[in-house]
file query.cif (mmCIF, C-alpha atoms)
data_final
#
loop_
_atom_site.label_atom_id
_atom_site.label_comp_id
_atom_site.auth_asym_id
_atom_site.auth_seq_id
_atom_site.Cartn_x
_atom_site.Cartn_y
_atom_site.Cartn_z
CA MET A 4 0.00 0.00 0.00
CA PHE A 5 1.62 3.25 -1.00
CA LEU A 6 -0.86 5.51 0.71
CA LYS A 7 -2.90 4.73 3.73
CA ALA A 8 -6.58 5.06 3.09
CA ILE A 9 -7.28 7.21 6.09
CA GLY A 10 -9.71 9.49 4.29
CA VAL A 11 -9.54 10.62 0.74
CA ALA A 12 -8.21 14.08 1.33
CA ALA A 13 -5.61 12.88 3.73
CA ALA A 14 -4.70 9.94 1.56
CA LEU A 15 -4.19 12.10 -1.47
CA THR A 16 -2.30 14.88 0.21
CA LEU A 17 -0.49 13.02 2.98
CA ALA A 18 2.69 12.11 1.22
CA ALA A 19 4.97 12.38 4.22
CA PRO A 20 8.26 12.61 2.32
CA ALA A 21 10.33 10.04 4.18
CA ALA A 22 7.71 7.32 4.36
CA TYR A 23 6.31 8.15 0.97
CA ALA A 24 9.56 7.88 -0.93
CA ALA A 25 9.53 4.12 -0.65
CA GLN A 26 5.83 3.89 -1.47
CA ALA A 27 5.52 6.14 -4.49
CA PRO A 28 2.81 4.96 -6.89
CA ASN A 29 3.83 3.63 -10.25
CA ASP A 30 2.46 4.97 -13.51
CA ALA A 31 -0.22 2.27 -13.76
CA GLN A 32 -1.48 3.23 -10.31
CA ILE A 33 -1.28 6.94 -11.04
CA ALA A 34 -3.30 6.44 -14.20
CA HIS A 35 -5.90 4.52 -12.20
CA ILE A 36 -6.13 7.22 -9.53
CA ALA A 37 -6.51 10.00 -12.09
CA TYR A 38 -9.08 8.05 -14.08
CA THR A 39 -11.02 7.22 -10.92
CA ALA A 40 -11.08 10.86 -9.87
CA GLY A 41 -12.45 11.81 -13.27
CA THR A 42 -15.08 9.10 -13.18
CA ILE A 43 -16.20 10.26 -9.74
CA ASP A 44 -16.71 13.81 -10.91
CA VAL A 45 -18.59 12.67 -14.01
CA ALA A 46 -20.97 10.70 -11.76
CA ALA A 47 -21.40 13.69 -9.47
CA GLY A 48 -22.14 15.90 -12.47
CA LYS A 49 -24.72 13.47 -13.79
CA GLN A 50 -26.39 13.38 -10.40
CA ALA A 51 -26.52 17.19 -10.38
CA LEU A 52 -28.02 17.23 -13.86
CA ALA A 53 -30.70 14.84 -12.69
CA LYS A 54 -31.52 16.77 -9.53
CA SER A 55 -30.76 20.46 -9.95
CA HIS A 56 -33.00 23.06 -11.57
CA ASP A 57 -30.53 25.92 -11.15
CA LYS A 58 -29.15 26.96 -14.54
CA ALA A 59 -25.72 27.95 -13.25
CA VAL A 60 -25.38 24.70 -11.33
CA ARG A 61 -26.54 22.68 -14.31
CA ASP A 62 -24.11 24.51 -16.63
CA PHE A 63 -21.30 23.75 -14.21
CA ALA A 64 -22.32 20.10 -13.90
CA GLN A 65 -22.43 19.79 -17.68
CA GLU A 66 -18.95 21.29 -17.83
CA MET A 67 -17.70 18.71 -15.33
CA VAL A 68 -19.21 15.81 -17.27
CA ARG A 69 -17.87 17.07 -20.59
CA ASP A 70 -14.35 17.99 -19.46
CA HIS A 71 -13.68 15.02 -17.21
CA THR A 72 -14.98 12.68 -19.87
CA ALA A 73 -12.60 14.29 -22.35
CA VAL A 74 -9.63 13.84 -20.04
CA ASN A 75 -10.55 10.26 -19.24
CA ASP A 76 -10.99 9.44 -22.93
CA GLN A 77 -7.52 10.85 -23.50
CA ALA A 78 -6.18 8.82 -20.57
CA LEU A 79 -7.67 5.62 -21.95
CA ALA A 80 -6.14 6.29 -25.35
CA LEU A 81 -2.79 6.92 -23.72
CA VAL A 82 -2.68 3.77 -21.58
CA LYS A 83 -3.72 1.76 -24.62
CA LYS A 84 -0.93 3.31 -26.64
CA LEU A 85 1.57 2.66 -23.85
CA HIS A 86 0.29 -0.88 -23.31
CA VAL A 87 -0.26 -0.06 -19.65
CA THR A 88 -3.11 -1.56 -17.65
CA PRO A 89 -4.30 0.86 -14.97
CA GLN A 90 -3.76 -0.78 -11.60
CA ASP A 91 -6.31 -0.57 -8.82
CA ASN A 92 -4.87 0.56 -5.53
CA PRO A 93 -5.89 1.72 -2.06
CA THR A 94 -6.05 5.39 -3.01
CA SER A 95 -8.42 4.68 -5.89
CA GLN A 96 -10.49 2.50 -3.58
CA ALA A 97 -10.61 5.20 -0.92
CA LEU A 98 -11.66 7.75 -3.52
CA SER A 99 -14.44 5.50 -4.79
CA LYS A 100 -15.68 4.64 -1.33
CA ASP A 101 -15.80 8.27 -0.25
CA ALA A 102 -17.49 9.30 -3.48
CA ALA A 103 -20.18 6.65 -3.10
CA ALA A 104 -20.95 7.92 0.39
CA LYS A 105 -21.10 11.49 -0.88
CA LEU A 106 -23.42 10.56 -3.75
CA ALA A 107 -25.72 8.82 -1.26
CA SER A 108 -25.81 11.79 1.08
CA LEU A 109 -26.43 14.23 -1.77
CA ALA A 110 -29.23 12.02 -3.07
CA LYS A 111 -31.19 12.83 0.08
CA LEU A 112 -31.12 16.56 -0.65
CA SER A 113 -33.08 18.61 -3.13
CA GLY A 114 -33.48 22.19 -4.33
CA PRO A 115 -31.10 24.85 -3.04
CA ALA A 116 -29.83 22.54 -0.31
CA PHE A 117 -28.66 20.06 -2.93
CA ASP A 118 -27.15 22.82 -5.08
CA LYS A 119 -25.12 24.22 -2.22
CA ALA A 120 -23.96 20.82 -1.03
CA TYR A 121 -23.03 19.69 -4.54
CA VAL A 122 -21.04 22.82 -5.32
CA ALA A 123 -19.35 22.82 -1.91
CA ASN A 124 -18.30 19.24 -2.51
CA GLU A 125 -17.00 20.17 -5.96
CA VAL A 126 -14.82 22.87 -4.41
CA ALA A 127 -13.45 20.43 -1.84
CA PHE A 128 -13.01 17.61 -4.34
CA HIS A 129 -11.11 19.74 -6.85
CA LYS A 130 -8.90 21.18 -4.11
CA THR A 131 -8.02 17.68 -2.99
CA VAL A 132 -7.39 16.36 -6.47
CA ASN A 133 -5.36 19.42 -7.46
CA ALA A 134 -3.19 19.08 -4.37
CA ALA A 135 -2.69 15.41 -5.15
CA LEU A 136 -1.78 16.17 -8.76
CA SER A 137 0.66 18.91 -7.76
CA ASN A 138 2.30 17.18 -4.83
CA THR A 139 2.13 13.52 -5.68
CA LEU A 140 0.84 12.30 -9.01
CA ILE A 141 2.65 14.65 -11.38
CA PRO A 142 6.02 14.51 -9.58
CA ASP A 143 5.84 10.72 -9.36
CA ALA A 144 4.75 10.04 -12.94
CA LYS A 145 7.61 8.58 -14.92
CA ASN A 146 6.20 8.51 -18.44
CA ALA A 147 6.44 11.91 -20.12
CA GLU A 148 3.10 11.61 -21.91
CA LEU A 149 1.31 10.61 -18.72
CA LYS A 150 2.96 13.47 -16.87
CA SER A 151 1.89 15.87 -19.62
CA LEU A 152 -1.71 14.66 -19.50
CA LEU A 153 -1.75 15.04 -15.73
CA GLN A 154 -0.42 18.57 -16.11
CA THR A 155 -3.19 19.32 -18.60
CA GLY A 156 -5.63 17.88 -16.10
CA LEU A 157 -4.26 20.12 -13.36
CA LYS A 158 -4.78 23.23 -15.51
CA LEU A 159 -8.32 22.14 -16.26
CA PHE A 160 -9.18 21.19 -12.70
CA THR A 161 -7.72 24.43 -11.37
CA GLU A 162 -10.14 26.28 -13.64
CA HIS A 163 -12.93 24.02 -12.39
CA GLN A 164 -12.01 24.80 -8.80
CA THR A 165 -12.13 28.55 -9.49
CA HIS A 166 -15.44 28.16 -11.28
CA ALA A 167 -16.85 26.12 -8.39
CA GLU A 168 -15.67 28.69 -5.85
CA HIS A 169 -17.35 31.52 -7.77
CA LEU A 170 -20.48 29.45 -8.10
CA ALA A 171 -20.48 28.65 -4.38
CA ALA A 172 -20.15 32.33 -3.56
CA GLY A 173 -23.14 33.11 -5.77
CA LEU A 174 -25.28 30.48 -4.09
CA LYS A 175 -24.87 31.94 -0.62
CA MET B 27 -1.67 83.33 -69.71
CA ASN B 28 -2.94 83.64 -66.16
CA THR B 29 -0.31 81.63 -64.34
CA PRO B 30 -1.63 81.95 -60.76
CA HIS B 31 -5.03 80.71 -61.83
CA LEU B 32 -3.46 77.83 -63.66
CA TRP B 33 -1.47 76.81 -60.59
CA LEU B 34 -4.54 77.10 -58.42
CA ALA B 35 -6.41 74.89 -60.82
CA VAL B 36 -3.57 72.40 -60.85
CA LEU B 37 -3.34 72.38 -57.05
CA ALA B 38 -7.09 72.04 -56.68
CA GLY B 39 -7.10 69.23 -59.18
CA ALA B 40 -4.30 67.51 -57.36
CA ALA B 41 -6.10 67.85 -54.06
CA LEU B 42 -9.33 66.50 -55.49
CA ALA B 43 -7.47 63.64 -57.08
CA ALA B 44 -5.49 62.88 -53.95
CA ALA B 45 -8.46 62.43 -51.66
CA PRO B 46 -10.17 59.63 -53.58
CA VAL B 47 -6.85 57.89 -54.12
CA SER B 48 -6.17 58.03 -50.41
CA ALA B 49 -9.64 56.77 -49.57
CA SER B 50 -9.54 54.00 -52.10
CA ALA B 51 -6.11 53.02 -50.84
CA ALA B 52 -7.60 52.62 -47.39
CA LYS B 53 -10.51 50.63 -48.76
CA ALA B 54 -8.14 48.51 -50.77
CA ARG B 55 -6.11 47.51 -47.71
CA ALA B 56 -6.02 43.77 -47.83
CA PRO B 57 -7.82 42.11 -44.91
CA VAL B 58 -5.52 40.23 -42.59
CA THR B 59 -6.19 36.99 -40.76
CA TYR B 60 -4.67 36.62 -37.30
CA THR B 61 -4.61 33.48 -35.21
CA VAL B 62 -5.57 33.31 -31.56
CA THR B 63 -4.69 29.96 -30.04
CA LEU B 64 -6.59 28.40 -27.17
CA LYS B 65 -4.28 26.12 -25.27
CA ASP B 66 -3.87 24.91 -21.71
CA MET B 67 -7.13 26.51 -20.67
CA LYS B 68 -6.08 29.99 -21.84
CA PHE B 69 -6.58 32.29 -24.80
CA GLY B 70 -3.17 32.95 -26.31
CA PRO B 71 -1.91 36.41 -27.19
CA THR B 72 -4.13 38.59 -29.35
CA PRO B 73 -2.72 41.07 -31.90
CA PRO B 74 -2.28 44.58 -30.44
CA ALA B 75 -4.98 45.87 -32.77
CA ILE B 76 -6.77 44.72 -35.87
CA HIS B 77 -8.84 46.62 -38.42
CA VAL B 78 -12.38 46.39 -39.65
CA GLY B 79 -12.46 43.65 -42.26
CA ASP B 80 -9.76 41.61 -40.56
CA THR B 81 -10.39 38.09 -39.36
CA ILE B 82 -9.45 36.16 -36.25
CA GLU B 83 -8.86 32.46 -36.64
CA TRP B 84 -9.68 30.76 -33.33
CA ASP B 85 -7.47 27.69 -33.02
CA ASN B 86 -8.44 25.32 -30.20
CA GLU B 87 -5.47 23.12 -29.41
CA ASP B 88 -6.98 21.78 -26.20
CA ILE B 89 -8.76 18.46 -25.81
CA PHE B 90 -11.76 20.29 -24.36
CA VAL B 91 -14.65 22.12 -25.94
CA HIS B 92 -14.21 25.88 -25.68
CA SER B 93 -15.94 28.93 -27.06
CA ALA B 94 -14.93 32.44 -27.97
CA THR B 95 -17.89 34.46 -26.81
CA ALA B 96 -18.04 38.24 -26.85
CA GLU B 97 -19.37 39.82 -23.68
CA ASP B 98 -21.61 42.03 -25.85
CA LYS B 99 -22.74 38.97 -27.86
CA ALA B 100 -21.15 40.34 -31.04
CA PHE B 101 -19.85 36.83 -31.70
CA ASP B 102 -20.15 33.41 -30.15
CA VAL B 103 -17.96 30.73 -31.67
CA GLU B 104 -18.14 27.15 -30.47
CA LEU B 105 -14.77 25.39 -30.69
CA LYS B 106 -14.66 21.66 -30.45
CA PRO B 107 -11.32 20.06 -29.56
CA LYS B 108 -8.69 20.75 -32.21
CA ALA B 109 -11.19 22.85 -34.21
CA HIS B 110 -10.47 26.06 -36.13
CA ARG B 111 -13.12 28.70 -36.76
CA TRP B 112 -13.07 32.25 -38.00
CA THR B 113 -14.64 35.58 -37.02
CA THR B 114 -14.50 38.61 -39.29
CA PHE B 115 -14.91 41.98 -37.61
CA HIS B 116 -17.19 44.50 -39.30
CA ALA B 117 -17.31 47.24 -36.68
CA PRO B 118 -14.63 49.00 -34.66
CA GLY B 119 -14.49 48.73 -30.92
CA THR B 120 -13.04 46.81 -28.03
CA TYR B 121 -14.36 43.28 -27.79
CA ARG B 122 -13.94 41.51 -24.49
CA PHE B 123 -14.50 37.80 -24.75
CA THR B 124 -14.57 34.69 -22.64
CA CYS B 125 -15.09 30.95 -22.94
CA ARG B 126 -18.65 30.32 -21.89
CA TYR B 127 -17.69 26.88 -20.63
CA HIS B 128 -14.67 28.06 -18.68
CA PRO B 129 -15.32 31.54 -17.31
CA GLY B 130 -11.74 31.90 -16.16
CA MET B 131 -10.62 32.10 -19.79
CA THR B 132 -10.80 35.71 -20.97
CA GLY B 133 -9.32 38.01 -23.60
CA ALA B 134 -9.85 41.24 -25.48
CA LEU B 135 -9.49 42.49 -29.04
CA VAL B 136 -9.21 46.09 -30.25
CA VAL B 137 -10.69 46.64 -33.71
CA ARG B 138 -9.80 49.91 -35.41
CA PRO B 139 -11.65 51.48 -38.36
#
call {"tool": "encode", "arguments": {"input": "query.cif", "output": "structure tokens"}}
result
Amino acid sequence: MFLKAIGVAAALTLAAPAAYAAQAPNDAQIAHIAYTAGTIDVAAGKQALAKSHDKAVRDFAQEMVRDHTAVNDQALALVKKLHVTPQDNPTSQALSKDAAAKLASLAKLSGPAFDKAYVANEVAFHKTVNAALSNTLIPDAKNAELKSLLQTGLKLFTEHQTHAEHLAAGLK
Amino acid sequence: MNTPHLWLAVLAGAALAAAPVSASAAKARAPVTYTVTLKDMKFGPTPPAIHVGDTIEWDNEDIFVHSATAEDKAFDVELKPKAHRWTTFHAPGTYRFTCRYHPGMTGALVVRP
């Protein structure tokens, strides 16, 4: 296990240098983590599109579905080209478990309460993923094309985080 | 021979001739196409100023859908990944634009007569 699954945010940003050095994820694991993060946000966006009636929230959710799908499609094409099979790992599993719980809790909300909770979670999720990309996944990626795709993802997700923060401010 | 009158006539003729030539020269200025590249979630540099009749080629090098959308709705160009599309400017002014999918992406163009 290269990261302890002690909570998604902590797992993704922990990376205590000394302990982490010996446990750095390989490219197959990094690809799996990045793909999983994208899949989670696509699912969250689809849930928002099914539940929200707020145009700004729906536009944002559509953006998440479209952009994360685009990145994941690119990631799939890349791993195929590199003959790499994405490797499941504890961080991916922690991400998925946490996301399932969040989807379930959001499913109980509706109207403005759902909108606020969804957008707040998007802010938190993108912060976590961006920190993980910056501090862990990009530095540890060995393949140049994978590293480049992760860097593209970071630029995109940083814009998403800013968008989500502005949206959250407008929903208050 | 009334020389002063002749010179006046010549000067007046020259002036009358010069104006249309100048105007037609301006009208005859060949339109220019400039490229603005969208890459890494940003609009690339725009030319310092363009002129009425000039065209901007929007070149989306990202893997995401973008748009070039004027704040005043003067243009709204959808740009699929790796797509190129063109906008010709018919009126002077300053056009501030954004990507309607990614509000953090912004730019501005100055169009001169």
call {"tool": "interface_residues", "arguments": {"input": "query.cif", "of": "chain B", "to": "chain A", "cutoff": "10 Å", "atoms": "all atoms listed in the file", "output": "JSON, numbers by chain"}}
result
{"B": [65, 66, 67, 68, 88, 89, 90, 91, 107, 126, 127, 128, 129, 130, 131]}
call {"tool": "atom_distance", "arguments": {"input": "query.cif", "atom1": "CA of Ala51 in chain A", "atom2": "CA of His92 in chain B"}}
result
21.5 Å
call {"tool": "atom_distance", "arguments": {"input": "query.cif", "atom1": "CA of Gly133 in chain B", "atom2": "CA of Gly173 in chain A"}}
result
23.1 Å
call {"tool": "closest_residue", "arguments": {"input": "query.cif", "among": "A:Ala80, A:Ala34, A:Ala40, A:Ala64", "to": "Ile141 in chain A", "atoms": "only C-alpha atoms"}}
result
A:Ala34
call {"tool": "residues_around", "arguments": {"input": "query.cif", "residues": "Val82 in chain A", "least_positions_apart": "4", "cutoff": "9 Å", "atoms": "all atoms listed in the file", "output": "list in words"}}
result
Ala31, Ala34, Gln77, Ala78, His86, Val87, Thr88, Pro89 and Leu149 of chain A
call {"tool": "atom_distance", "arguments": {"input": "query.cif", "atom1": "CA of Leu64 in chain B", "atom2": "CA of Phe128 in chain A"}}
result
26.1 Å
call {"tool": "closest_residue", "arguments": {"input": "query.cif", "among": "A:Val60, A:Leu174, A:Pro28, A:Leu136", "to": "Ser151 in chain A", "atoms": "all atoms listed in the file"}}
result
A:Leu136
call {"tool": "resolve_selection", "arguments": {"input": "query.cif", "expression": "the PyMOL selection byres ((chain B and resi 72) around 9)", "output": "ChimeraX atom specification"}}
result
/B:60-63,69-71,73-75,133-135
call {"tool": "closest_residue", "arguments": {"input": "query.cif", "among": "A:Gln90, A:Gly114, A:Val68, A:Leu153", "to": "Ala135 in chain A", "atoms": "only C-alpha atoms"}}
result
A:Leu153
call {"tool": "resolve_selection", "arguments": {"input": "query.cif", "expression": "the PyMOL selection byres ((chain B and resi 114) around 8)", "output": "list in words"}}
result
Gly79, Asp80, Thr81, Ile82, Trp112, Thr113, Phe115 and His116 of chain B
call {"tool": "write_last_selection", "arguments": {"input": "query.cif", "atoms": "C-alpha atoms", "output": "compact mmCIF listing (two decimals), in the coordinates of the input"}}
result
# COMPACT_ATOMS: atom_id res chain seq x y z
CA GLY B 79 -12.46 43.65 -42.26
CA ASP B 80 -9.76 41.61 -40.56
CA THR B 81 -10.39 38.09 -39.36
CA ILE B 82 -9.45 36.16 -36.25
CA TRP B 112 -13.07 32.25 -38.00
CA THR B 113 -14.64 35.58 -37.02
CA PHE B 115 -14.91 41.98 -37.61
CA HIS B 116 -17.19 44.50 -39.30
call {"tool": "residues_near_point", "arguments": {"input": "query.cif", "point": "(-15.8, 7.9, -3.4)", "cutoff": "12 Å", "atoms": "only C-alpha atoms", "output": "mmCIF file with C-alpha atoms, keeping the file's coordinate frame"}}
result
data_model
loop_
_atom_site.group_PDB
_atom_site.id
_atom_site.type_symbol
_atom_site.label_atom_id
_atom_site.label_comp_id
_atom_site.auth_asym_id
_atom_site.auth_seq_id
_atom_site.Cartn_x
_atom_site.Cartn_y
_atom_site.Cartn_z
ATOM 1 C CA ALA A 8 -6.580 5.060 3.090
ATOM 2 C CA GLY A 10 -9.710 9.490 4.290
ATOM 3 C CA VAL A 11 -9.540 10.620 0.740
ATOM 4 C CA ALA A 12 -8.210 14.080 1.330
ATOM 5 C CA ILE A 36 -6.130 7.220 -9.530
ATOM 6 C CA THR A 39 -11.020 7.220 -10.920
ATOM 7 C CA ALA A 40 -11.080 10.860 -9.870
ATOM 8 C CA GLY A 41 -12.450 11.810 -13.270
ATOM 9 C CA THR A 42 -15.080 9.100 -13.180
ATOM 10 C CA ILE A 43 -16.200 10.260 -9.740
ATOM 11 C CA ASP A 44 -16.710 13.810 -10.910
ATOM 12 C CA VAL A 45 -18.590 12.670 -14.010
ATOM 13 C CA ALA A 46 -20.970 10.700 -11.760
ATOM 14 C CA ALA A 47 -21.400 13.690 -9.470
ATOM 15 C CA PRO A 93 -5.890 1.720 -2.060
ATOM 16 C CA THR A 94 -6.050 5.390 -3.010
ATOM 17 C CA SER A 95 -8.420 4.680 -5.890
ATOM 18 C CA GLN A 96 -10.490 2.500 -3.580
ATOM 19 C CA ALA A 97 -10.610 5.200 -0.920
ATOM 20 C CA LEU A 98 -11.660 7.750 -3.520
ATOM 21 C CA SER A 99 -14.440 5.500 -4.790
ATOM 22 C CA LYS A 100 -15.680 4.640 -1.330
ATOM 23 C CA ASP A 101 -15.800 8.270 -0.250
ATOM 24 C CA ALA A 102 -17.490 9.300 -3.480
ATOM 25 C CA ALA A 103 -20.180 6.650 -3.100
ATOM 26 C CA ALA A 104 -20.950 7.920 0.390
ATOM 27 C CA LYS A 105 -21.100 11.490 -0.880
ATOM 28 C CA LEU A 106 -23.420 10.560 -3.750
ATOM 29 C CA ALA A 107 -25.720 8.820 -1.260
ATOM 30 C CA SER A 108 -25.810 11.790 1.080
ATOM 31 C CA ASN A 124 -18.300 19.240 -2.510
ATOM 32 C CA PHE A 128 -13.010 17.610 -4.340
#
call {"tool": "residues_around", "arguments": {"input": "query.cif", "residues": "Ser113 in chain A", "least_positions_apart": "2", "cutoff": "12 Å", "atoms": "all atoms listed in the file", "output": "list of chain:residue names"}}
result
A:Gln50, A:Ala51, A:Leu52, A:Ala53, A:Lys54, A:Ser55, A:His56, A:Asp57, A:Ser108, A:Leu109, A:Ala110, A:Lys111, A:Pro115, A:Ala116, A:Phe117, A:Asp118, A:Lys119, A:Ala120, A:Tyr121
call {"tool": "axis_aligned_box", "arguments": {"input": "query.cif", "around": "range 72-81 of chain B", "padding_each_side": "8 Å", "output": "AutoDock Vina command-line options"}}
result
--center_x -7.4 --center_y 42.4 --center_z -35.8 --size_x 26.2 --size_y 24.5 --size_z 28.9
